[in-house]
2 protein chains.
Amino acid sequence: MSQFTLIDGKAVSAKILLDIKQEVAQLASKGITPGLAVVLVGEDPASQVYVNSKERTCTELGLYSEKIVLPVDTQQQELLAVVHRLNASNKVHGILVQSPLPAHLNEEEIVRAINPNKDVDGFHPENVAKLTMEDSTGFVACTPAGCMELLKHYNIETEGKEAVVIGRSLIVGKPMALLLMGKQGQATVTVVHSRTKNTSEVIKRADIIIAALGKSEFVTAKDVKDGAVIIDVGINRVEDESNPRGYRLTGDVDFNAVKEQCSAITPVPGGVGPMTIAMLMKNTLKAAKQLENYTD
Amino acid sequence: MSQFTLIDGKAVSAKILLDIKQEVAQLASKGITPGLAVVLVGEDPASQVYVNSKERTCTELGLYSEKIVLPVDTQQQELLAVVHRLNASNKVHGILVQSPLPAHLNEEEIVRAINPNKDVDGFHPENVAKLTMEDSTGFVACTPAGCMELLKHYNIETEGKEAVVIGRSLIVGKPMALLLMGKQGQATVTVVHSRTKNTSEVIKRADIIIAALGKSEFVTAKDVKDGAVIIDVGINRVEDESNPRGYRLTGDVDFNAVKEQCSAITPVPGGVGPMTIAMLMKNTLKAAKQLENYTD
């Protein structure tokens with residue numbers, strides 16, 4: 001068995017949050033308090049958990065936090081009015097409208113209504129374009145940004161390496177591919193998806209695998225080159241009667257099957273997951289500095 | 001020697017222009033005349049040739065055409081004022097500011113000033129985002145759009161095929177990769193660039209090669225899998241004393257070296273080049289229909 005590194009997203013996230021906390025304290029001495037507003041429509045339990053965790057983290061770091069909870073039957077114009085108020089608020093530098101929205105609402109219009117300079121989720125077309133154009137003033141979606149941070153923190157070289165991104169979603173796969181092929185990554189990137197024919201053969205070329213397709217334990221031993229680095233973005237619920245909750249969480253990678261082959265891997269949970277909130281806080285800090293014209 | 005198809009960009013372009021001409025005539029009967037404005041700053045000879053050719057094509061197709069030639073010392077505010085006037089003009093549906101601009105002008109600001117709904121070059125961030133997000137109301141840059149059209153016209157299947165894009169520019173490489181990996185292409189796409197280590201090995205996997213790196217005859221026999229399809233986007237000037245002009249035009253692919261191996265290839269000139277203007281006219285037609293709320 002080769003030695004392998006367990007990429008500890010919890011530890012990296014904690015370190016980043018500590019750095020942010022120190023920077024927030026520094027900003028406070030200049031009279032700047034970064035602020036994040038989170039808007040939740042309806043009572044989806046998972047969304048409530050996310051939103052509360054974001055609020056708690058803001059408080060821990062010394063950020064100003066605003067939580068706006070709206071009833072499930074909120075109308076488009078009411079939600080737009082909330083976004084407009086937050087756009088105009090001097091206390092709020094980052095705005096996040098928790099996804100998914102109830103089906104009667106037009107999510108695209110809501111995202112477009114957010115001031116791109118406060119769009120810490122990185123979903124506004126302006127920020128999608130800035131990512132594609134490699135304009136570093138933009139905001140990168142938190143999950144792909146978190147994956148890049150993990151590679152950086154573990155000094156995993158990406159330049160000239162073969163990276164395979166599995167999945168082509170706008171939230172993870174595409175931004176991940178753009179980051180890895182651009183100046184930040186300098187990798188040779190291949191994107192694999194549902195129409196790829198020789199999937200296993202293609203993944204096996206990878207020095208770095210980013211699994212983001214949302215299929216439980218899709219990547220297994222036969223797909224992984226010896227010594228590859230694996231970032232597993234998947235979080236899947238699989239029925240499991242032996243578990244008190246009735247399910248267990250799995251990644252898109254069969255962790256136990258590949259751990260003998262890879263040189264480093266993120267666990268699920270505890271890998272990419274904890275990075276998302278750290279990147280959200282980092283984006284909020286960046287938004288505050290940009291909006292307040294603060295330079296270190 | 002295997003049989004191979006010479007992908008005739010001139011012929012395909014002529015066919016598309018004929019289709020556009022017929023559609024323009026149809027639109028005329030509804031009182032709509034698509035209009036294209038081309039702005040040229042300075043007297044760069046190559047730019048003059050492009051601009052004149054665009055104007056001539058407009059006239060041939062029955063489009064309204066406006067050519068604005070400004071002196072080389074035009075100031076940013078003056079050029080912005082021209083763009084604003086064209087944004088407001090009811091006769092103009094497409095606006096193209098010929099690149100490159102003189103160095104004292106801020107090209108990014110000019111591109112952002114163009115109404116994205118008239119940005120037939122597809123360089124505005126709004127259109128870059130729409131390409132990444134696969135929103136078909138946007139405008140795709142003419143060269144990558146032209147490459148996709150060539151594949152389509154020759155019934156070259158891309159779904160599930162391995163496509164290798166050489167080059168990662170915002171004008172060709174990246175949009176090409178996004179088009180090929182998205183719903184239009186459904187290919188398994190790899191992007192090769194200056195930091196790629198095993199370049200030849202990677203290109204040799206390709207069923208479809210898109211060469212867009214701007215290096216004369218970079219792709220040669222050893223890089224090409226038997227039966228591959230090659231789209232050569234490069235147009236390089238190579239010194240050639242035997243040529244009366246003192247140079248000859250070459251592609252990024254060594255045509256003579258690979259023609260025995262590939263199943264189809266675009267020549268240079270006469271391949272991708274003629275498609276660019278056809279795509280510009282197609283985008284102008286699309287802009288006119290969208291702006292005039294015309295549906296077939």
# chains A, B, ... in the order shown; residues from 1 in each chain; ligands from 1
call {"tool": "select_by_dssp", "arguments": {"residues": "region 49-136 of chain A", "states": "alpha helix (DSSP H)", "output": "PyMOL selection string"}}
result
chain A and resi 49-61+76-88+107-113+125-132
call {"tool": "interface_residues", "arguments": {"of": "chain B", "to": "chain A", "cutoff": "7 Å", "atoms": "only C-alpha atoms", "output": "list of chain:residue names"}}
result
B:Pro125, B:Glu126, B:Val128, B:Ala129, B:Met133, B:Glu159, B:Gly160, B:Leu170, B:Gln186, B:Ala187, B:Thr188, B:Val189, B:Thr190, B:Val191, B:Val192, B:Arg195, B:Thr196, B:Lys197
call {"tool": "write_last_selection", "arguments": {"atoms": "all heavy atoms", "output": "tab-separated table (two decimals), in the first residue's frame"}}
result
chain	number	residue	atom	x	y	z
B	125	PRO	N	-18.94	40.99	-21.99
B	125	PRO	CA	-19.05	40.02	-20.90
B	125	PRO	C	-20.41	39.33	-20.82
B	125	PRO	O	-20.49	38.15	-20.50
B	125	PRO	CB	-18.79	40.86	-19.65
B	125	PRO	CG	-17.96	42.00	-20.12
B	125	PRO	CD	-18.36	42.27	-21.54
B	126	GLU	N	-21.46	40.06	-21.13
B	126	GLU	CA	-22.81	39.47	-21.12
B	126	GLU	C	-22.87	38.28	-22.09
B	126	GLU	O	-23.48	37.25	-21.78
B	126	GLU	CB	-23.82	40.54	-21.53
B	126	GLU	CG	-25.25	40.06	-21.66
B	126	GLU	CD	-25.92	39.77	-20.31
B	126	GLU	OE1	-25.46	40.29	-19.29
B	126	GLU	OE2	-26.89	38.99	-20.31
B	128	VAL	N	-20.15	36.59	-23.27
B	128	VAL	CA	-19.20	35.58	-22.77
B	128	VAL	C	-19.92	34.71	-21.73
B	128	VAL	O	-19.83	33.47	-21.75
B	128	VAL	CB	-17.95	36.24	-22.16
B	128	VAL	CG1	-17.05	35.21	-21.51
B	128	VAL	CG2	-17.18	37.02	-23.24
B	129	ALA	N	-20.67	35.37	-20.83
B	129	ALA	CA	-21.40	34.63	-19.79
B	129	ALA	C	-22.47	33.73	-20.42
B	129	ALA	O	-22.61	32.57	-20.04
B	129	ALA	CB	-22.05	35.60	-18.80
B	133	MET	N	-22.90	29.85	-19.96
B	133	MET	CA	-24.14	29.37	-19.36
B	133	MET	C	-25.05	28.67	-20.38
B	133	MET	O	-26.14	28.23	-20.01
B	133	MET	CB	-24.90	30.55	-18.74
B	133	MET	CG	-24.12	31.27	-17.65
B	133	MET	SD	-24.78	32.93	-17.29
B	133	MET	CE	-26.16	32.49	-16.23
B	159	GLU	N	-20.56	14.23	-30.88
B	159	GLU	CA	-21.04	13.64	-29.62
B	159	GLU	C	-20.21	12.43	-29.21
B	159	GLU	O	-20.04	11.48	-29.97
B	159	GLU	CB	-22.51	13.24	-29.75
B	159	GLU	CG	-23.04	12.64	-28.47
B	159	GLU	CD	-24.55	12.46	-28.44
B	159	GLU	OE1	-25.27	13.20	-29.14
B	159	GLU	OE2	-25.00	11.56	-27.72
B	160	GLY	N	-19.70	12.48	-27.99
B	160	GLY	CA	-18.92	11.37	-27.44
B	160	GLY	C	-17.53	11.24	-28.02
B	160	GLY	O	-16.76	10.37	-27.63
B	170	LEU	N	-9.35	33.76	-25.26
B	170	LEU	CA	-10.75	34.10	-25.04
B	170	LEU	C	-11.50	34.24	-26.36
B	170	LEU	O	-12.72	34.14	-26.41
B	170	LEU	CB	-10.83	35.41	-24.25
B	170	LEU	CG	-12.21	35.78	-23.72
B	170	LEU	CD1	-12.75	34.72	-22.79
B	170	LEU	CD2	-12.17	37.13	-23.04
B	186	GLN	N	-21.34	18.12	-27.31
B	186	GLN	CA	-21.39	16.85	-26.56
B	186	GLN	C	-20.11	16.04	-26.68
B	186	GLN	O	-20.11	14.81	-26.54
B	186	GLN	CB	-22.59	16.00	-27.02
B	186	GLN	CG	-23.94	16.68	-26.92
B	186	GLN	CD	-24.51	16.68	-25.50
B	186	GLN	OE1	-23.78	16.43	-24.54
B	186	GLN	NE2	-25.79	16.97	-25.36
B	187	ALA	N	-19.00	16.71	-26.96
B	187	ALA	CA	-17.72	16.01	-27.10
B	187	ALA	C	-16.99	15.95	-25.76
B	187	ALA	O	-17.28	16.71	-24.84
B	187	ALA	CB	-16.86	16.72	-28.13
B	188	THR	N	-16.04	15.04	-25.66
B	188	THR	CA	-15.12	15.00	-24.52
B	188	THR	C	-13.93	15.88	-24.89
B	188	THR	O	-13.15	15.53	-25.78
B	188	THR	CB	-14.65	13.56	-24.26
B	188	THR	OG1	-15.79	12.74	-24.04
B	188	THR	CG2	-13.73	13.48	-23.06
B	189	VAL	N	-13.83	17.03	-24.24
B	189	VAL	CA	-12.90	18.06	-24.70
B	189	VAL	C	-11.68	18.17	-23.79
B	189	VAL	O	-11.80	18.20	-22.57
B	189	VAL	CB	-13.60	19.44	-24.73
B	189	VAL	CG1	-12.63	20.53	-25.20
B	189	VAL	CG2	-14.83	19.39	-25.63
B	190	THR	N	-10.52	18.24	-24.42
B	190	THR	CA	-9.27	18.53	-23.72
B	190	THR	C	-8.68	19.81	-24.29
B	190	THR	O	-8.67	20.00	-25.51
B	190	THR	CB	-8.26	17.39	-23.88
B	190	THR	OG1	-8.84	16.17	-23.40
B	190	THR	CG2	-6.97	17.67	-23.11
B	191	VAL	N	-8.21	20.70	-23.43
B	191	VAL	CA	-7.58	21.94	-23.88
B	191	VAL	C	-6.07	21.85	-23.64
B	191	VAL	O	-5.62	21.64	-22.52
B	191	VAL	CB	-8.18	23.17	-23.16
B	191	VAL	CG1	-7.48	24.45	-23.61
B	191	VAL	CG2	-9.68	23.26	-23.43
B	192	VAL	N	-5.34	22.01	-24.72
B	192	VAL	CA	-3.88	21.95	-24.70
B	192	VAL	C	-3.34	23.37	-24.82
B	192	VAL	O	-3.92	24.18	-25.54
B	192	VAL	CB	-3.41	21.07	-25.89
B	192	VAL	CG1	-1.96	21.32	-26.22
B	192	VAL	CG2	-3.66	19.60	-25.59
B	195	ARG	N	1.64	25.29	-21.44
B	195	ARG	CA	2.17	24.59	-20.27
B	195	ARG	C	1.93	23.08	-20.31
B	195	ARG	O	2.32	22.36	-19.40
B	195	ARG	CB	1.55	25.14	-18.98
B	195	ARG	CG	1.61	26.64	-18.85
B	195	ARG	CD	3.06	27.14	-18.82
B	195	ARG	NE	3.09	28.59	-18.77
B	195	ARG	CZ	3.16	29.30	-17.64
B	195	ARG	NH1	3.26	28.69	-16.49
B	195	ARG	NH2	3.16	30.62	-17.67
B	196	THR	N	1.24	22.63	-21.35
B	196	THR	CA	1.00	21.19	-21.48
B	196	THR	C	2.32	20.49	-21.72
B	196	THR	O	3.14	20.96	-22.51
B	196	THR	CB	0.04	20.93	-22.66
B	196	THR	OG1	-1.22	21.54	-22.34
B	196	THR	CG2	-0.16	19.45	-22.91
B	197	LYS	N	2.52	19.38	-21.03
B	197	LYS	CA	3.82	18.71	-21.14
B	197	LYS	C	3.86	17.69	-22.27
B	197	LYS	O	4.77	17.67	-23.07
B	197	LYS	CB	4.19	18.06	-19.80
B	197	LYS	CG	4.82	19.10	-18.87
B	197	LYS	CD	5.02	18.57	-17.47
B	197	LYS	CE	5.56	19.71	-16.58
B	197	LYS	NZ	5.36	19.42	-15.15
call {"tool": "residues_around", "arguments": {"residues": "region 38-46 of chain A", "least_positions_apart": "4", "cutoff": "6 Å", "atoms": "only C-alpha atoms", "output": "NGL selection string"}}
result
:A and (67-72 or 96-98)
call {"tool": "atom_distance", "arguments": {"atom1": "CA of Thr250 (chain A)", "atom2": "CA of Ala103 (chain A)"}}
result
27.8 Å
call {"tool": "residues_around", "arguments": {"residues": "Asp254 (chain B)", "least_positions_apart": "4", "cutoff": "10 Å", "atoms": "only C-alpha atoms", "output": "PyMOL selection string"}}
result
chain B and resi 216-221+232+250+258-259
call {"tool": "write_last_selection", "arguments": {"atoms": "all heavy atoms", "output": "compact mmCIF listing (two decimals), in the first residue's frame"}}
result
# COMPACT_ATOMS: atom_id res chain seq x y z
N SER B 216 2.93 28.61 -36.68
CA SER B 216 2.93 28.03 -38.02
C SER B 216 3.27 26.53 -38.01
O SER B 216 4.30 26.13 -37.47
CB SER B 216 3.94 28.78 -38.89
OG SER B 216 4.01 28.17 -40.15
N GLU B 217 2.39 25.73 -38.61
CA GLU B 217 2.61 24.30 -38.83
C GLU B 217 3.06 23.56 -37.57
O GLU B 217 3.91 22.66 -37.62
CB GLU B 217 3.58 24.13 -40.00
CG GLU B 217 2.99 24.74 -41.26
CD GLU B 217 3.87 24.65 -42.50
OE1 GLU B 217 5.07 24.42 -42.34
OE2 GLU B 217 3.33 24.82 -43.61
N PHE B 218 2.47 23.93 -36.44
CA PHE B 218 2.80 23.33 -35.14
C PHE B 218 2.38 21.85 -35.10
O PHE B 218 3.11 21.00 -34.61
CB PHE B 218 2.08 24.11 -34.05
CG PHE B 218 2.28 23.56 -32.66
CD1 PHE B 218 3.40 23.90 -31.92
CD2 PHE B 218 1.33 22.71 -32.08
CE1 PHE B 218 3.59 23.41 -30.64
CE2 PHE B 218 1.51 22.21 -30.79
CZ PHE B 218 2.64 22.56 -30.07
N VAL B 219 1.19 21.57 -35.61
CA VAL B 219 0.69 20.19 -35.58
C VAL B 219 1.20 19.46 -36.82
O VAL B 219 1.00 19.92 -37.94
CB VAL B 219 -0.86 20.16 -35.58
CG1 VAL B 219 -1.38 18.73 -35.64
CG2 VAL B 219 -1.40 20.88 -34.34
N THR B 220 1.85 18.34 -36.58
CA THR B 220 2.42 17.63 -37.72
C THR B 220 2.09 16.14 -37.64
O THR B 220 1.29 15.72 -36.80
CB THR B 220 3.93 17.92 -37.82
OG1 THR B 220 4.45 17.30 -38.99
CG2 THR B 220 4.69 17.44 -36.59
N ALA B 221 2.65 15.37 -38.57
CA ALA B 221 2.22 13.97 -38.74
C ALA B 221 2.22 13.18 -37.43
O ALA B 221 1.26 12.46 -37.14
CB ALA B 221 3.13 13.29 -39.77
N ASP B 232 -8.31 23.94 -38.74
CA ASP B 232 -7.11 24.75 -38.56
C ASP B 232 -7.48 26.24 -38.53
O ASP B 232 -7.83 26.81 -39.56
CB ASP B 232 -6.14 24.45 -39.71
CG ASP B 232 -4.77 25.08 -39.50
OD1 ASP B 232 -4.62 25.90 -38.58
OD2 ASP B 232 -3.85 24.75 -40.27
N THR B 250 0.31 30.30 -43.77
CA THR B 250 0.27 28.91 -43.30
C THR B 250 -0.72 28.80 -42.15
O THR B 250 -1.03 29.79 -41.47
CB THR B 250 1.64 28.46 -42.77
OG1 THR B 250 1.97 29.24 -41.61
CG2 THR B 250 2.74 28.64 -43.82
N VAL B 258 0.05 16.06 -42.80
CA VAL B 258 -1.01 15.31 -42.12
C VAL B 258 -2.12 14.84 -43.06
O VAL B 258 -2.97 14.04 -42.66
CB VAL B 258 -1.65 16.13 -40.98
CG1 VAL B 258 -0.59 16.61 -39.98
CG2 VAL B 258 -2.44 17.32 -41.52
N LYS B 259 -2.12 15.32 -44.30
CA LYS B 259 -3.29 15.03 -45.14
C LYS B 259 -3.44 13.53 -45.44
O LYS B 259 -4.54 13.08 -45.75
CB LYS B 259 -3.25 15.86 -46.42
CG LYS B 259 -2.19 15.49 -47.40
CD LYS B 259 -2.29 16.35 -48.66
CE LYS B 259 -1.20 15.91 -49.64
NZ LYS B 259 -1.03 16.80 -50.75
call {"tool": "atom_distance", "arguments": {"atom1": "CA of Ser99 (chain B)", "atom2": "CA of Ile265 (chain B)"}}
result
28.1 Å
call {"tool": "atom_distance", "arguments": {"atom1": "CA of Ile210 (chain A)", "atom2": "CA of Gly227 (chain A)"}}
result
14.4 Å
call {"tool": "closest_residue", "arguments": {"among": "A:Asn283, A:Leu27, A:Glu241, A:Val172", "to": "Gly94 (chain A)", "atoms": "only C-alpha atoms"}}
result
A:Asn283
call {"tool": "closest_residue", "arguments": {"among": "B:Gly122, B:Phe139, B:Gln76, B:Ala228", "to": "Glu109 (chain B)", "atoms": "only C-alpha atoms"}}
result
B:Gln76
call {"tool": "residues_around", "arguments": {"residues": "Asp226 (chain A)", "least_positions_apart": "5", "cutoff": "12 Å", "atoms": "only C-alpha atoms", "output": "mmCIF file with all heavy atoms, in the first residue's frame"}}
result
data_model
loop_
_atom_site.group_PDB
_atom_site.id
_atom_site.type_symbol
_atom_site.label_atom_id
_atom_site.label_comp_id
_atom_site.auth_asym_id
_atom_site.auth_seq_id
_atom_site.Cartn_x
_atom_site.Cartn_y
_atom_site.Cartn_z
ATOM 1 N N MET A 1 0.837 -1.219 0.000
ATOM 2 C CA MET A 1 0.000 0.000 0.000
ATOM 3 C C MET A 1 0.859 1.252 0.000
ATOM 4 O O MET A 1 1.781 1.381 0.798
ATOM 5 C CB MET A 1 -0.891 0.003 1.264
ATOM 6 C CG MET A 1 -1.954 1.080 1.228
ATOM 7 S SD MET A 1 -2.711 1.348 2.852
ATOM 8 C CE MET A 1 -2.203 3.030 3.169
ATOM 9 N N SER A 2 0.560 2.142 -0.943
ATOM 10 C CA SER A 2 1.307 3.398 -0.980
ATOM 11 C C SER A 2 0.773 4.333 0.109
ATOM 12 O O SER A 2 -0.372 4.234 0.518
ATOM 13 C CB SER A 2 1.155 4.057 -2.351
ATOM 14 O OG SER A 2 -0.192 4.435 -2.548
ATOM 15 N N GLN A 3 1.629 5.218 0.575
ATOM 16 C CA GLN A 3 1.183 6.207 1.556
ATOM 17 C C GLN A 3 0.281 7.220 0.873
ATOM 18 O O GLN A 3 0.542 7.623 -0.250
ATOM 19 C CB GLN A 3 2.398 6.930 2.124
ATOM 20 C CG GLN A 3 2.990 6.204 3.315
ATOM 21 C CD GLN A 3 3.748 7.158 4.187
ATOM 22 O OE1 GLN A 3 4.528 7.945 3.675
ATOM 23 N NE2 GLN A 3 3.528 7.099 5.486
ATOM 24 N N PHE A 4 -0.740 7.622 1.575
ATOM 25 C CA PHE A 4 -1.570 8.640 0.933
ATOM 26 C C PHE A 4 -1.955 9.725 1.941
ATOM 27 O O PHE A 4 -1.956 9.515 3.150
ATOM 28 C CB PHE A 4 -2.782 7.999 0.250
ATOM 29 C CG PHE A 4 -3.964 7.794 1.127
ATOM 30 C CD1 PHE A 4 -5.097 8.593 0.980
ATOM 31 C CD2 PHE A 4 -3.977 6.804 2.094
ATOM 32 C CE1 PHE A 4 -6.199 8.401 1.784
ATOM 33 C CE2 PHE A 4 -5.083 6.610 2.895
ATOM 34 C CZ PHE A 4 -6.204 7.406 2.747
ATOM 35 N N ILE A 203 -10.503 9.025 -17.475
ATOM 36 C CA ILE A 203 -10.215 9.378 -16.075
ATOM 37 C C ILE A 203 -8.856 8.822 -15.665
ATOM 38 O O ILE A 203 -8.118 9.450 -14.911
ATOM 39 C CB ILE A 203 -11.332 8.866 -15.136
ATOM 40 C CG1 ILE A 203 -12.685 9.460 -15.541
ATOM 41 C CG2 ILE A 203 -11.026 9.218 -13.684
ATOM 42 C CD1 ILE A 203 -13.875 8.872 -14.799
ATOM 43 N N LYS A 204 -8.519 7.676 -16.208
ATOM 44 C CA LYS A 204 -7.267 7.010 -15.818
ATOM 45 C C LYS A 204 -6.018 7.769 -16.281
ATOM 46 O O LYS A 204 -4.906 7.495 -15.822
ATOM 47 C CB LYS A 204 -7.248 5.575 -16.341
ATOM 48 C CG LYS A 204 -6.256 4.717 -15.586
ATOM 49 C CD LYS A 204 -6.594 3.251 -15.600
ATOM 50 C CE LYS A 204 -5.689 2.529 -14.619
ATOM 51 N NZ LYS A 204 -6.146 1.172 -14.359
ATOM 52 N N ARG A 205 -6.203 8.731 -17.189
ATOM 53 C CA ARG A 205 -5.051 9.545 -17.605
ATOM 54 C C ARG A 205 -4.711 10.607 -16.571
ATOM 55 O O ARG A 205 -3.646 11.219 -16.633
ATOM 56 C CB ARG A 205 -5.385 10.297 -18.888
ATOM 57 C CG ARG A 205 -5.710 9.456 -20.069
ATOM 58 C CD ARG A 205 -6.252 10.405 -21.158
ATOM 59 N NE ARG A 205 -6.798 9.665 -22.266
ATOM 60 C CZ ARG A 205 -7.703 10.163 -23.101
ATOM 61 N NH1 ARG A 205 -8.166 11.389 -22.916
ATOM 62 N NH2 ARG A 205 -8.141 9.450 -24.092
ATOM 63 N N ALA A 206 -5.646 10.850 -15.654
ATOM 64 C CA ALA A 206 -5.560 12.048 -14.813
ATOM 65 C C ALA A 206 -4.510 11.952 -13.720
ATOM 66 O O ALA A 206 -4.437 10.954 -12.996
ATOM 67 C CB ALA A 206 -6.921 12.320 -14.176
ATOM 68 N N ASP A 207 -3.716 13.023 -13.600
ATOM 69 C CA ASP A 207 -2.902 13.224 -12.402
ATOM 70 C C ASP A 207 -3.780 13.788 -11.289
ATOM 71 O O ASP A 207 -3.521 13.560 -10.113
ATOM 72 C CB ASP A 207 -1.773 14.215 -12.706
ATOM 73 C CG ASP A 207 -0.883 13.744 -13.843
ATOM 74 O OD1 ASP A 207 -0.384 12.605 -13.761
ATOM 75 O OD2 ASP A 207 -0.702 14.497 -14.827
ATOM 76 N N ILE A 208 -4.797 14.556 -11.699
ATOM 77 C CA ILE A 208 -5.716 15.158 -10.740
ATOM 78 C C ILE A 208 -7.141 14.893 -11.221
ATOM 79 O O ILE A 208 -7.481 15.187 -12.366
ATOM 80 C CB ILE A 208 -5.473 16.689 -10.636
ATOM 81 C CG1 ILE A 208 -4.056 16.958 -10.124
ATOM 82 C CG2 ILE A 208 -6.518 17.347 -9.740
ATOM 83 C CD1 ILE A 208 -3.554 18.366 -10.401
ATOM 84 N N ILE A 209 -7.949 14.311 -10.345
ATOM 85 C CA ILE A 209 -9.348 14.021 -10.681
ATOM 86 C C ILE A 209 -10.242 14.921 -9.834
ATOM 87 O O ILE A 209 -10.091 14.986 -8.619
ATOM 88 C CB ILE A 209 -9.691 12.539 -10.364
ATOM 89 C CG1 ILE A 209 -8.843 11.596 -11.220
ATOM 90 C CG2 ILE A 209 -11.191 12.271 -10.546
ATOM 91 C CD1 ILE A 209 -8.929 10.126 -10.778
ATOM 92 N N ALA A 221 -11.735 1.866 -8.422
ATOM 93 C CA ALA A 221 -10.319 1.492 -8.566
ATOM 94 C C ALA A 221 -9.847 1.460 -10.025
ATOM 95 O O ALA A 221 -8.789 2.008 -10.355
ATOM 96 C CB ALA A 221 -10.081 0.143 -7.900
ATOM 97 N N VAL A 258 -10.307 3.220 -3.810
ATOM 98 C CA VAL A 258 -9.214 3.937 -4.501
ATOM 99 C C VAL A 258 -8.093 4.384 -3.569
ATOM 100 O O VAL A 258 -7.047 4.811 -4.031
ATOM 101 C CB VAL A 258 -9.730 5.177 -5.271
ATOM 102 C CG1 VAL A 258 -10.829 4.777 -6.254
ATOM 103 C CG2 VAL A 258 -10.215 6.266 -4.334
ATOM 104 N N LYS A 259 -8.309 4.284 -2.262
ATOM 105 C CA LYS A 259 -7.324 4.892 -1.356
ATOM 106 C C LYS A 259 -5.946 4.235 -1.443
ATOM 107 O O LYS A 259 -4.932 4.853 -1.109
ATOM 108 C CB LYS A 259 -7.842 4.936 0.083
ATOM 109 C CG LYS A 259 -7.950 3.602 0.752
ATOM 110 C CD LYS A 259 -8.414 3.756 2.196
ATOM 111 C CE LYS A 259 -8.489 2.379 2.834
ATOM 112 N NZ LYS A 259 -9.177 2.371 4.117
ATOM 113 N N GLU A 260 -5.904 3.018 -1.924
ATOM 114 C CA GLU A 260 -4.611 2.337 -2.091
ATOM 115 C C GLU A 260 -3.840 2.893 -3.287
ATOM 116 O O GLU A 260 -2.624 2.757 -3.368
ATOM 117 C CB GLU A 260 -4.825 0.841 -2.349
ATOM 118 C CG GLU A 260 -5.770 0.164 -1.385
ATOM 119 C CD GLU A 260 -5.050 -0.311 -0.121
ATOM 120 O OE1 GLU A 260 -4.004 -0.958 -0.263
ATOM 121 O OE2 GLU A 260 -5.536 -0.004 0.994
ATOM 122 N N GLN A 261 -4.562 3.475 -4.228
ATOM 123 C CA GLN A 261 -3.930 3.893 -5.480
ATOM 124 C C GLN A 261 -3.564 5.362 -5.533
ATOM 125 O O GLN A 261 -2.578 5.743 -6.135
ATOM 126 C CB GLN A 261 -4.891 3.613 -6.647
ATOM 127 C CG GLN A 261 -4.922 2.180 -7.073
ATOM 128 C CD GLN A 261 -6.193 1.908 -7.841
ATOM 129 O OE1 GLN A 261 -7.232 1.583 -7.255
ATOM 130 N NE2 GLN A 261 -6.123 2.056 -9.148
ATOM 131 N N CYS A 262 -4.411 6.185 -4.906
ATOM 132 C CA CYS A 262 -4.187 7.619 -5.062
ATOM 133 C C CYS A 262 -3.140 8.111 -4.074
ATOM 134 O O CYS A 262 -2.838 7.453 -3.081
ATOM 135 C CB CYS A 262 -5.493 8.374 -4.890
ATOM 136 S SG CYS A 262 -6.254 8.151 -3.293
ATOM 137 N N SER A 263 -2.581 9.284 -4.367
ATOM 138 C CA SER A 263 -1.585 9.857 -3.453
ATOM 139 C C SER A 263 -2.239 10.798 -2.448
ATOM 140 O O SER A 263 -1.681 11.067 -1.391
ATOM 141 C CB SER A 263 -0.503 10.594 -4.245
ATOM 142 O OG SER A 263 -1.071 11.659 -4.973
ATOM 143 N N ALA A 264 -3.418 11.309 -2.801
ATOM 144 C CA ALA A 264 -4.132 12.204 -1.896
ATOM 145 C C ALA A 264 -5.603 12.178 -2.276
ATOM 146 O O ALA A 264 -5.943 12.024 -3.458
ATOM 147 C CB ALA A 264 -3.590 13.625 -2.011
#
call {"tool": "decode", "arguments": {"residues": "region 137-155 of chain B", "atoms": "C-alpha atoms", "output": "PDB file, in the first residue's frame"}}
result
ATOM      1  CA  THR B 137     -29.993  34.257 -26.872  1.00  0.00           C
ATOM      2  CA  GLY B 138     -26.352  35.412 -26.722  1.00  0.00           C
ATOM      3  CA  PHE B 139     -23.865  35.991 -29.511  1.00  0.00           C
ATOM      4  CA  VAL B 140     -20.978  33.588 -29.996  1.00  0.00           C
ATOM      5  CA  ALA B 141     -17.677  34.978 -31.295  1.00  0.00           C
ATOM      6  CA  CYS B 142     -17.528  34.515 -35.077  1.00  0.00           C
ATOM      7  CA  THR B 143     -14.465  32.287 -35.400  1.00  0.00           C
ATOM      8  CA  PRO B 144     -15.484  29.521 -32.968  1.00  0.00           C
ATOM      9  CA  ALA B 145     -19.068  29.751 -34.260  1.00  0.00           C
ATOM     10  CA  GLY B 146     -17.676  29.284 -37.778  1.00  0.00           C
ATOM     11  CA  CYS B 147     -15.735  26.172 -36.749  1.00  0.00           C
ATOM     12  CA  MET B 148     -18.893  24.618 -35.298  1.00  0.00           C
ATOM     13  CA  GLU B 149     -20.767  25.422 -38.531  1.00  0.00           C
ATOM     14  CA  LEU B 150     -18.108  23.703 -40.621  1.00  0.00           C
ATOM     15  CA  LEU B 151     -18.388  20.516 -38.547  1.00  0.00           C
ATOM     16  CA  LYS B 152     -22.174  20.677 -38.856  1.00  0.00           C
ATOM     17  CA  HIS B 153     -22.171  21.256 -42.607  1.00  0.00           C
ATOM     18  CA  TYR B 154     -19.948  18.236 -43.201  1.00  0.00           C
ATOM     19  CA  ASN B 155     -22.034  16.075 -40.833  1.00  0.00           C
TER      20      ASN B 155
END
